[in-house]
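Q: This is the structure I have questions about; it appears just below.
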Amino acid sequence: MTRAAPRPTVFLDRDGTLNREVGFVTDPDRLELLPGVPAAVHRLADAGYRLVVVTNQSGIARGLYDERTLAAIHERLATLLDHRIEAFLHCPHHPDGGHGYGGACECRKPAPGLLHQAHDLLGCAFQGGWLIGDSARDVLMARGLPLRTVLVRCGKPVDNELQKLRAAACTPDHVVEDLLAAAAIVAPAFAT
Ligand SMILES: [Mg+2]
Ligand SMILES: [Zn+2]
């Protein structure tokens, strides 16, 4: 008897990928979805992917908001996306931060810690999976893992991010306008 391959996962960055990049989202009301995001999320989930958000939230270490507020922000985001996101994993740390979250950690992107959390806590497999984000550090966190990467242009200025990637000798598999364009590539590639 053969075991079915695990469902692949699409790991999604949050700020600049799902919602507008505004520096720090400090309040659920400041969360503004980017155009096409609900349709893109449905398309990815309907294709069969598990969807997990992986996000740096150093605003916690900076004292701009707390875990409770972040949970409320993610609850709102989950609702706006019809509960098709399976989990929201975040790094609350910052090297220069405080509030109990200072110092080095293994989960601040580009470190791959949040991906390993998804593997260890949720059983997410990397094979056949994707990572979609607007920053060089999103693409970099997937290095060494069997994930394909998509850089979206709807967040941070993309030329800067591509320059950082060139400096790190790392190339995203695709560079596209937004999450909807990413979904048009990723959804048909399910189980390939
Ligand atoms: Mg981002
Ligand atoms: Zn961390």
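Following the order of the structure tokens, first chain is A, next is B, and so on, with residues numbered from 1 inside each chain and ligands from 1 in the order they appear.
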List as a tab-separated table every residue of range 7-36 of chain A that is in contact with range 136-153 of chain A, defined as an atom at most 10 Å from one of its atoms (using only C-alpha atoms), together with the nearest atom pair and the distance in Å rounded to one decimal, sorted by chain and then rising number.
A:
```
residue	atom	partner	partner_atom	distance
A:Pro8	CA	A:Leu147	CA	9.7
A:Thr9	CA	A:Leu147	CA	9.2
A:Val10	CA	A:Leu147	CA	8.9
A:Phe11	CA	A:Leu147	CA	9.3
A:Leu12	CA	A:Asp138	CA	8.9
A:Asp13	CA	A:Asp138	CA	7.0
A:Gly16	CA	A:Val152	CA	8.4
A:Thr17	CA	A:Val152	CA	6.9
```
Q: Excluding Ala104 in chain A and any residue of its chain fewer than 3 positions from it, enumerate the residues within 12 Å of it, using only C-alpha atoms, and give them as a PDB file with N, CA and C atoms, in the first residue's frame.
A:
```pdb
ATOM      1  N   SER A  58       7.908  42.466  13.732  1.00  0.00           N
ATOM      2  CA  SER A  58       8.807  43.039  14.730  1.00  0.00           C
ATOM      3  C   SER A  58       8.172  44.214  15.470  1.00  0.00           C
ATOM      4  N   ALA A  61       8.204  43.421  19.087  1.00  0.00           N
ATOM      5  CA  ALA A  61       9.454  43.710  19.808  1.00  0.00           C
ATOM      6  C   ALA A  61       9.683  45.214  19.949  1.00  0.00           C
ATOM      7  N   CYS A  91       6.921  35.963  13.376  1.00  0.00           N
ATOM      8  CA  CYS A  91       8.092  36.214  14.219  1.00  0.00           C
ATOM      9  C   CYS A  91       7.863  37.539  14.923  1.00  0.00           C
ATOM     10  N   PRO A  92       7.808  37.529  16.251  1.00  0.00           N
ATOM     11  CA  PRO A  92       7.568  38.775  16.999  1.00  0.00           C
ATOM     12  C   PRO A  92       8.858  39.512  17.341  1.00  0.00           C
ATOM     13  N   HIS A  93       9.990  38.956  16.950  1.00  0.00           N
ATOM     14  CA  HIS A  93      11.285  39.431  17.460  1.00  0.00           C
ATOM     15  C   HIS A  93      11.887  40.550  16.619  1.00  0.00           C
ATOM     16  N   HIS A  94      12.867  41.205  17.205  1.00  0.00           N
ATOM     17  CA  HIS A  94      13.754  42.085  16.455  1.00  0.00           C
ATOM     18  C   HIS A  94      15.075  42.131  17.203  1.00  0.00           C
ATOM     19  N   PRO A  95      16.206  42.083  16.456  1.00  0.00           N
ATOM     20  CA  PRO A  95      17.510  42.064  17.141  1.00  0.00           C
ATOM     21  C   PRO A  95      17.676  43.204  18.136  1.00  0.00           C
ATOM     22  N   ASP A  96      17.147  44.402  17.788  1.00  0.00           N
ATOM     23  CA  ASP A  96      17.309  45.558  18.677  1.00  0.00           C
ATOM     24  C   ASP A  96      16.076  45.782  19.551  1.00  0.00           C
ATOM     25  N   GLY A  97      15.162  44.846  19.520  1.00  0.00           N
ATOM     26  CA  GLY A  97      13.884  45.061  20.204  1.00  0.00           C
ATOM     27  C   GLY A  97      13.954  44.803  21.691  1.00  0.00           C
ATOM     28  N   GLY A  98      12.798  44.973  22.324  1.00  0.00           N
ATOM     29  CA  GLY A  98      12.685  44.737  23.759  1.00  0.00           C
ATOM     30  C   GLY A  98      11.381  44.033  24.038  1.00  0.00           C
ATOM     31  N   GLY A 100      10.639  41.795  25.899  1.00  0.00           N
ATOM     32  CA  GLY A 100      10.764  40.342  25.997  1.00  0.00           C
ATOM     33  C   GLY A 100      11.013  39.666  24.662  1.00  0.00           C
ATOM     34  N   TYR A 101      11.146  40.447  23.579  1.00  0.00           N
ATOM     35  CA  TYR A 101      11.291  39.858  22.246  1.00  0.00           C
ATOM     36  C   TYR A 101      12.564  40.324  21.544  1.00  0.00           C
ATOM     37  N   CYS A 107      13.482  32.742  13.734  1.00  0.00           N
ATOM     38  CA  CYS A 107      12.243  32.804  12.965  1.00  0.00           C
ATOM     39  C   CYS A 107      12.059  34.110  12.207  1.00  0.00           C
ATOM     40  N   ARG A 108      12.993  35.075  12.357  1.00  0.00           N
ATOM     41  CA  ARG A 108      12.844  36.317  11.590  1.00  0.00           C
ATOM     42  C   ARG A 108      13.356  36.080  10.171  1.00  0.00           C
ATOM     43  N   LYS A 109      12.457  36.259   9.187  1.00  0.00           N
ATOM     44  CA  LYS A 109      12.881  36.093   7.805  1.00  0.00           C
ATOM     45  C   LYS A 109      14.023  37.060   7.508  1.00  0.00           C
ATOM     46  N   ALA A 111      15.609  34.134   7.844  1.00  0.00           N
ATOM     47  CA  ALA A 111      15.821  32.818   8.457  1.00  0.00           C
ATOM     48  C   ALA A 111      14.594  31.940   8.158  1.00  0.00           C
ATOM     49  N   GLY A 113      13.018  29.818   9.989  1.00  0.00           N
ATOM     50  CA  GLY A 113      12.373  29.245  11.180  1.00  0.00           C
ATOM     51  C   GLY A 113      10.867  29.058  11.074  1.00  0.00           C
TER      52      GLY A 113
END
```
Q: With distances taken over only C-alpha atoms and all ligand atoms, which of A:His74, A:Arg20, A:Arg14, A:Arg43 is nearest to ligand 1?
A: A:Arg14
Q: So how many Å separate CA of Glu106 in chain A and CA of Gln127 in chain A, to one decimal?
A: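 We find that CA of Glu106 in chain A and CA of Gln127 in chain A lie 21.7 Å from each other.
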Q: Would you mind listing what lies within 10 Å of Leu80 in chain A as number ranges by chain, with only C-alpha atoms counted and same-chain residues fewer than 4 positions away left out?
A: A: 32-33, 37-38, 74-76, 84
Q: When DSSP is applied to the backbone of this structure, which of chain A are assigned strand (DSSP E or B)? Write them out as an MDAnalysis selection string.
A: chainID A and resid 8:12 15 19 33 50:56 87:91 94 102 125:133 147:152 174:176
Q: Would you return as a ChimeraX atom specification the members of range 9-123 of chain A that DSSP assigns to alpha helix (DSSP H) on this structure's backbone?
A: /A:37-47,67-80,113-122
